[in-house]
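Data first, discussion second: the structure below is written as structure tokens.
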Amino acid sequence: MLSLLPGPLVLLISAGLTILFTALCASIILLISLAKLLLPIAPFSRACSHLNNRIMRLWLGCNALVIRLTTRIDWQVEDDTRLRKDGWYLIISNHMSWTDIVVLGHLFRDRLPVPKFFMKHELIYIPLLGLACWGLDMPFMRRYSREFLLRNPHLRGKDIETTRNACEKFRHIPTTVINFVEGTRFTEEKRDASRSRFRHLMPPKAAGLAFTLAAMGEQFDGLINVTISYPDNTEAPFKDFLMGRMKRIRVRIEEQPIDEALIGDYFNDKQFKRSFQEWLNQRWQEKDAVLAQWQKDDMTTESRQDADKASAEASSGS
């Protein structure tokens, strides 16, 4: 295992392999996407989309190879779901690190259709990768502050329009839509600044999720609720991951049917909006409790190990 090598060397190898595989796959996806753009015939476009999804799955497989070569991760996964690759699924997850994308791709690459992420618009400018995500029909969302929208009211609702267009494309090919509903990666500073009611999470943003369900709710086979934690690498999980220092990744995967009560007019029906926000906040409250329990379990285990160590040292000393 390359994880036995010095961290900086593992970083060089893992980053180099990841960049190489990403550049190759992204270049192929871009060429296919340009062909689709130049010849906008529906059957040809769908064939190109299927081919792009195959390349995306190949990229996920390359990432899995890098993980096996460069890390020795203790995967602690709680999962009793039964999923299929020819369906439509909606995944909601907390967002701790860039590593989340790798983790979700690794766990679901052989169990679900190729994932599509809701991405910040700024990410489209990442060389090759951003344009490849565009070629894969991933929606790029702009986040506007309330103050900005007050100054530019004509931009109100643009995120929803983007969601609507993306969901229309997802209707024709089995798809996994992944939504990090917090909208940003968790840090304690961000949590405090947002006045989050949760200890381990940012407050969830309900609008995009509600609109996705309104647009495709009847087509989704299920909603998958994922909780991710990096208990031994909380400070810089992505850097530790690339350097082969990631020790444990803890994940809970839960599936639930999409109830009719979750499908409605979020923007014009105040009662539905309130009930949907309450439902999502309840899911986040449960997720926060899971993360707190994991942390408590780790502290208990650590205390027990310290006590056993002290007892062993006392016995050897006597």
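Ordering of the structure tokens sets the chain letters (A, B, ...), residue numbers begin anew at 1 in every chain, and ligands are numbered from 1 in the order given.
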
| message | If we count only C-alpha atoms and set the cut-off at 9 Å, which residues sit around A:Trp134, ignoring sequence neighbours fewer than 4 positions away in its own chain? Please answer as a list in words. | response | Leu30, Ser33, Ile124, Leu129, Gly130, Met138, Pro139 and Phe140 of chain A

Expected file contents, prior selection, N, CA, C and O atoms, as a compact mmCIF listing (two decimals), in the first residue's frame:
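Result saved to out-v2.txt:
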# COMPACT_ATOMS: atom_id res chain seq x y z
N LEU A 30 -15.82 16.42 -22.80
CA LEU A 30 -15.94 17.69 -23.51
C LEU A 30 -16.11 17.48 -25.00
O LEU A 30 -16.93 18.15 -25.65
N SER A 33 -19.55 16.27 -25.65
CA SER A 33 -20.51 17.34 -25.40
C SER A 33 -20.52 18.35 -26.55
O SER A 33 -21.58 18.88 -26.91
N ILE A 124 -17.66 26.29 -12.32
CA ILE A 124 -17.61 26.04 -13.75
C ILE A 124 -16.28 26.53 -14.35
O ILE A 124 -15.86 26.10 -15.42
N LEU A 129 -12.44 20.43 -15.48
CA LEU A 129 -13.43 19.79 -14.63
C LEU A 129 -14.77 20.53 -14.67
O LEU A 129 -15.84 19.91 -14.78
N GLY A 130 -14.73 21.86 -14.60
CA GLY A 130 -15.96 22.64 -14.61
C GLY A 130 -16.73 22.45 -15.90
O GLY A 130 -17.95 22.25 -15.89
N MET A 138 -24.78 18.88 -15.32
CA MET A 138 -24.93 19.22 -13.90
C MET A 138 -25.33 20.68 -13.77
O MET A 138 -24.77 21.55 -14.45
N PRO A 139 -26.30 20.97 -12.92
CA PRO A 139 -26.78 22.36 -12.77
C PRO A 139 -25.82 23.19 -11.93
O PRO A 139 -25.37 22.76 -10.87
N PHE A 140 -25.49 24.38 -12.42
CA PHE A 140 -24.65 25.33 -11.69
C PHE A 140 -25.54 26.41 -11.10
O PHE A 140 -26.26 27.11 -11.82

| task | Write down as an MDAnalysis selection string the residues belonging to stretch 138-318 of chain A that are assigned strand (DSSP E) by DSSP computed on the backbone. | result | chainID A and resid 140:141 176:179 222:229 248:256

Any chance you can output those residues with N, CA and C atoms as a PDB file, in the first residue's frame?
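The file below, again.pdb, is the result:
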ATOM      1  N   PHE A 140     -25.493  24.383 -12.418  1.00  0.00           N
ATOM      2  CA  PHE A 140     -24.653  25.327 -11.686  1.00  0.00           C
ATOM      3  C   PHE A 140     -25.544  26.410 -11.101  1.00  0.00           C
ATOM      4  N   MET A 141     -25.507  26.529  -9.784  1.00  0.00           N
ATOM      5  CA  MET A 141     -26.414  27.422  -9.074  1.00  0.00           C
ATOM      6  C   MET A 141     -25.691  28.684  -8.630  1.00  0.00           C
ATOM      7  N   THR A 176     -29.022   9.900 -10.547  1.00  0.00           N
ATOM      8  CA  THR A 176     -28.964  10.170  -9.117  1.00  0.00           C
ATOM      9  C   THR A 176     -28.668  11.649  -8.926  1.00  0.00           C
ATOM     10  N   VAL A 177     -29.590  12.375  -8.355  1.00  0.00           N
ATOM     11  CA  VAL A 177     -29.401  13.803  -8.091  1.00  0.00           C
ATOM     12  C   VAL A 177     -28.897  13.958  -6.660  1.00  0.00           C
ATOM     13  N   ILE A 178     -27.734  14.572  -6.498  1.00  0.00           N
ATOM     14  CA  ILE A 178     -27.151  14.775  -5.169  1.00  0.00           C
ATOM     15  C   ILE A 178     -27.242  16.255  -4.802  1.00  0.00           C
ATOM     16  N   ASN A 179     -27.833  16.522  -3.677  1.00  0.00           N
ATOM     17  CA  ASN A 179     -28.028  17.898  -3.231  1.00  0.00           C
ATOM     18  C   ASN A 179     -27.438  18.066  -1.833  1.00  0.00           C
ATOM     19  N   GLY A 222     -36.804   6.877  -4.740  1.00  0.00           N
ATOM     20  CA  GLY A 222     -36.617   7.022  -3.303  1.00  0.00           C
ATOM     21  C   GLY A 222     -35.696   8.180  -2.981  1.00  0.00           C
ATOM     22  N   LEU A 223     -35.744   8.593  -1.731  1.00  0.00           N
ATOM     23  CA  LEU A 223     -34.848   9.635  -1.216  1.00  0.00           C
ATOM     24  C   LEU A 223     -33.831   8.959  -0.300  1.00  0.00           C
ATOM     25  N   ILE A 224     -32.561   9.230  -0.531  1.00  0.00           N
ATOM     26  CA  ILE A 224     -31.482   8.633   0.257  1.00  0.00           C
ATOM     27  C   ILE A 224     -30.864   9.717   1.123  1.00  0.00           C
ATOM     28  N   ASN A 225     -30.916   9.518   2.414  1.00  0.00           N
ATOM     29  CA  ASN A 225     -30.395  10.472   3.388  1.00  0.00           C
ATOM     30  C   ASN A 225     -29.047   9.961   3.884  1.00  0.00           C
ATOM     31  N   VAL A 226     -27.982  10.714   3.596  1.00  0.00           N
ATOM     32  CA  VAL A 226     -26.620  10.286   3.926  1.00  0.00           C
ATOM     33  C   VAL A 226     -26.027  11.217   4.983  1.00  0.00           C
ATOM     34  N   THR A 227     -25.421  10.628   5.988  1.00  0.00           N
ATOM     35  CA  THR A 227     -24.695  11.371   7.015  1.00  0.00           C
ATOM     36  C   THR A 227     -23.234  10.946   6.974  1.00  0.00           C
ATOM     37  N   ILE A 228     -22.326  11.935   6.849  1.00  0.00           N
ATOM     38  CA  ILE A 228     -20.896  11.664   6.688  1.00  0.00           C
ATOM     39  C   ILE A 228     -20.121  12.306   7.832  1.00  0.00           C
ATOM     40  N   SER A 229     -19.090  11.592   8.315  1.00  0.00           N
ATOM     41  CA  SER A 229     -18.212  12.127   9.350  1.00  0.00           C
ATOM     42  C   SER A 229     -16.790  11.621   9.137  1.00  0.00           C
ATOM     43  N   ARG A 248     -10.469   7.070   9.388  1.00  0.00           N
ATOM     44  CA  ARG A 248     -11.811   6.492   9.375  1.00  0.00           C
ATOM     45  C   ARG A 248     -12.762   7.405   8.615  1.00  0.00           C
ATOM     46  N   ILE A 249     -13.704   6.780   7.923  1.00  0.00           N
ATOM     47  CA  ILE A 249     -14.828   7.516   7.346  1.00  0.00           C
ATOM     48  C   ILE A 249     -16.096   6.821   7.822  1.00  0.00           C
ATOM     49  N   ARG A 250     -16.934   7.591   8.479  1.00  0.00           N
ATOM     50  CA  ARG A 250     -18.160   7.014   9.044  1.00  0.00           C
ATOM     51  C   ARG A 250     -19.362   7.538   8.262  1.00  0.00           C
ATOM     52  N   VAL A 251     -20.208   6.624   7.823  1.00  0.00           N
ATOM     53  CA  VAL A 251     -21.326   6.996   6.956  1.00  0.00           C
ATOM     54  C   VAL A 251     -22.583   6.241   7.380  1.00  0.00           C
ATOM     55  N   ARG A 252     -23.693   6.943   7.423  1.00  0.00           N
ATOM     56  CA  ARG A 252     -25.000   6.301   7.598  1.00  0.00           C
ATOM     57  C   ARG A 252     -25.830   6.569   6.343  1.00  0.00           C
ATOM     58  N   ILE A 253     -26.403   5.510   5.771  1.00  0.00           N
ATOM     59  CA  ILE A 253     -27.213   5.615   4.558  1.00  0.00           C
ATOM     60  C   ILE A 253     -28.615   5.121   4.876  1.00  0.00           C
ATOM     61  N   GLU A 254     -29.600   5.993   4.672  1.00  0.00           N
ATOM     62  CA  GLU A 254     -30.993   5.648   4.946  1.00  0.00           C
ATOM     63  C   GLU A 254     -31.833   5.970   3.719  1.00  0.00           C
ATOM     64  N   GLU A 255     -32.761   5.099   3.392  1.00  0.00           N
ATOM     65  CA  GLU A 255     -33.657   5.333   2.260  1.00  0.00           C
ATOM     66  C   GLU A 255     -35.085   5.456   2.748  1.00  0.00           C
ATOM     67  N   GLN A 256     -35.819   6.368   2.127  1.00  0.00           N
ATOM     68  CA  GLN A 256     -37.231   6.502   2.453  1.00  0.00           C
ATOM     69  C   GLN A 256     -38.006   6.817   1.180  1.00  0.00           C
TER      70      GLN A 256
END

| field | A:Ile101 environment, 12 Å, only C-alpha atoms, sequence neighbours closer than 4 positions dropped, as an NGL selection string | value | :A and (60 or 63 or 91 or 93-97 or 105-109 or 115-119 or 178-180 or 185 or 226 or 228 or 238)

What would the file look like if the residues just selected were written as a CSV table (one decimal), in the first residue's frame with N, CA, C and O atoms?
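And here is the file that came out, result-v2.csv:
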chain,number,residue,atom,x,y,z
A,60,LEU,N,-15.2,7.6,-11.8
A,60,LEU,CA,-15.5,7.1,-10.5
A,60,LEU,C,-14.7,5.8,-10.1
A,60,LEU,O,-14.1,5.7,-9.0
A,63,ASN,N,-11.1,6.9,-9.5
A,63,ASN,CA,-11.0,7.4,-8.1
A,63,ASN,C,-10.9,6.3,-7.1
A,63,ASN,O,-10.2,6.3,-6.1
A,91,ILE,N,-30.4,12.1,-3.5
A,91,ILE,CA,-29.6,12.0,-2.3
A,91,ILE,C,-29.5,13.4,-1.6
A,91,ILE,O,-29.2,14.4,-2.3
A,93,SER,N,-27.4,15.1,1.7
A,93,SER,CA,-26.2,14.8,2.6
A,93,SER,C,-25.7,16.1,3.2
A,93,SER,O,-25.9,17.2,2.7
A,94,ASN,N,-25.2,15.9,4.4
A,94,ASN,CA,-24.4,17.0,5.0
A,94,ASN,C,-23.1,17.2,4.2
A,94,ASN,O,-22.7,16.3,3.5
A,95,HIS,N,-22.5,18.3,4.4
A,95,HIS,CA,-21.3,18.7,3.6
A,95,HIS,C,-20.2,19.1,4.5
A,95,HIS,O,-20.2,20.2,5.0
A,96,MET,N,-19.2,18.2,4.6
A,96,MET,CA,-18.1,18.5,5.5
A,96,MET,C,-16.8,18.9,4.8
A,96,MET,O,-16.0,19.6,5.3
A,97,SER,N,-16.7,18.4,3.5
A,97,SER,CA,-15.4,18.5,2.9
A,97,SER,C,-15.5,18.2,1.4
A,97,SER,O,-16.5,17.6,1.0
A,105,GLY,N,-19.3,9.1,-4.5
A,105,GLY,CA,-19.0,8.4,-5.7
A,105,GLY,C,-18.5,7.0,-5.5
A,105,GLY,O,-18.9,6.1,-6.2
A,106,HIS,N,-17.7,6.9,-4.5
A,106,HIS,CA,-17.1,5.5,-4.2
A,106,HIS,C,-18.1,4.6,-3.6
A,106,HIS,O,-18.2,3.4,-4.0
A,107,LEU,N,-19.0,5.1,-2.8
A,107,LEU,CA,-20.0,4.2,-2.1
A,107,LEU,C,-21.1,3.8,-3.1
A,107,LEU,O,-21.7,2.7,-3.0
A,108,PHE,N,-21.5,4.6,-4.0
A,108,PHE,CA,-22.7,4.4,-4.8
A,108,PHE,C,-22.4,4.1,-6.3
A,108,PHE,O,-23.3,3.9,-7.1
A,109,ARG,N,-21.1,4.1,-6.7
A,109,ARG,CA,-20.8,4.0,-8.1
A,109,ARG,C,-21.3,2.7,-8.8
A,109,ARG,O,-21.6,2.6,-10.0
A,115,PRO,N,-24.1,9.9,-10.7
A,115,PRO,CA,-24.6,11.1,-9.9
A,115,PRO,C,-24.5,12.4,-10.6
A,115,PRO,O,-23.5,12.6,-11.4
A,116,LYS,N,-25.4,13.3,-10.3
A,116,LYS,CA,-25.3,14.7,-10.8
A,116,LYS,C,-25.5,15.6,-9.6
A,116,LYS,O,-26.3,15.4,-8.8
A,117,PHE,N,-24.5,16.5,-9.5
A,117,PHE,CA,-24.4,17.4,-8.3
A,117,PHE,C,-25.0,18.8,-8.7
A,117,PHE,O,-24.8,19.3,-9.8
A,118,PHE,N,-25.6,19.4,-7.7
A,118,PHE,CA,-25.9,20.8,-7.8
A,118,PHE,C,-24.7,21.6,-7.3
A,118,PHE,O,-24.2,21.4,-6.2
A,119,MET,N,-24.1,22.4,-8.2
A,119,MET,CA,-22.8,23.0,-8.0
A,119,MET,C,-22.9,24.5,-7.9
A,119,MET,O,-23.7,25.1,-8.6
A,178,ILE,N,-27.7,14.6,-6.5
A,178,ILE,CA,-27.2,14.8,-5.2
A,178,ILE,C,-27.2,16.3,-4.8
A,178,ILE,O,-26.8,17.1,-5.5
A,179,ASN,N,-27.8,16.5,-3.7
A,179,ASN,CA,-28.0,17.9,-3.2
A,179,ASN,C,-27.4,18.1,-1.8
A,179,ASN,O,-27.9,17.5,-0.9
A,180,PHE,N,-26.4,18.8,-1.7
A,180,PHE,CA,-25.8,19.3,-0.4
A,180,PHE,C,-26.7,20.5,0.0
A,180,PHE,O,-26.3,21.6,-0.3
A,185,ARG,N,-19.7,24.1,2.7
A,185,ARG,CA,-19.1,23.1,3.6
A,185,ARG,C,-19.2,23.6,5.1
A,185,ARG,O,-19.0,24.8,5.3
A,226,VAL,N,-28.0,10.7,3.6
A,226,VAL,CA,-26.6,10.3,3.9
A,226,VAL,C,-26.0,11.2,5.0
A,226,VAL,O,-26.1,12.4,4.9
A,228,ILE,N,-22.3,11.9,6.8
A,228,ILE,CA,-20.9,11.7,6.7
A,228,ILE,C,-20.1,12.3,7.8
A,228,ILE,O,-20.4,13.4,8.3
A,238,PHE,N,-9.8,16.8,3.5
A,238,PHE,CA,-9.4,16.6,2.1
A,238,PHE,C,-7.9,16.5,2.0
A,238,PHE,O,-7.4,15.6,1.2

| message | My list of candidates is A:Gln305, A:Ser49, A:Ser196, A:Gln293. Which is closest to A:Phe170 when distances are computed with only C-alpha atoms? | response |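 Once distances to A:Phe170 are computed over only C-alpha atoms, the minimum belongs to A:Ser49.
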
| query | Of the residues A:Ala215, A:Ile258, A:Leu11, A:Ala35, which is the one nearest to A:Arg164, using only C-alpha atoms? | reply | A:Ala215

| field | Surrounding residues of stretch 14-18 of chain A excluding itself and chain neighbours under 4 positions, 7 Å, only C-alpha atoms, as a ChimeraX atom specification | value | /A:10,22,63,66,70,242

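Between atom CA of A:Ala210 and atom CA of A:Tyr266 lies a distance of 6.4 Å.
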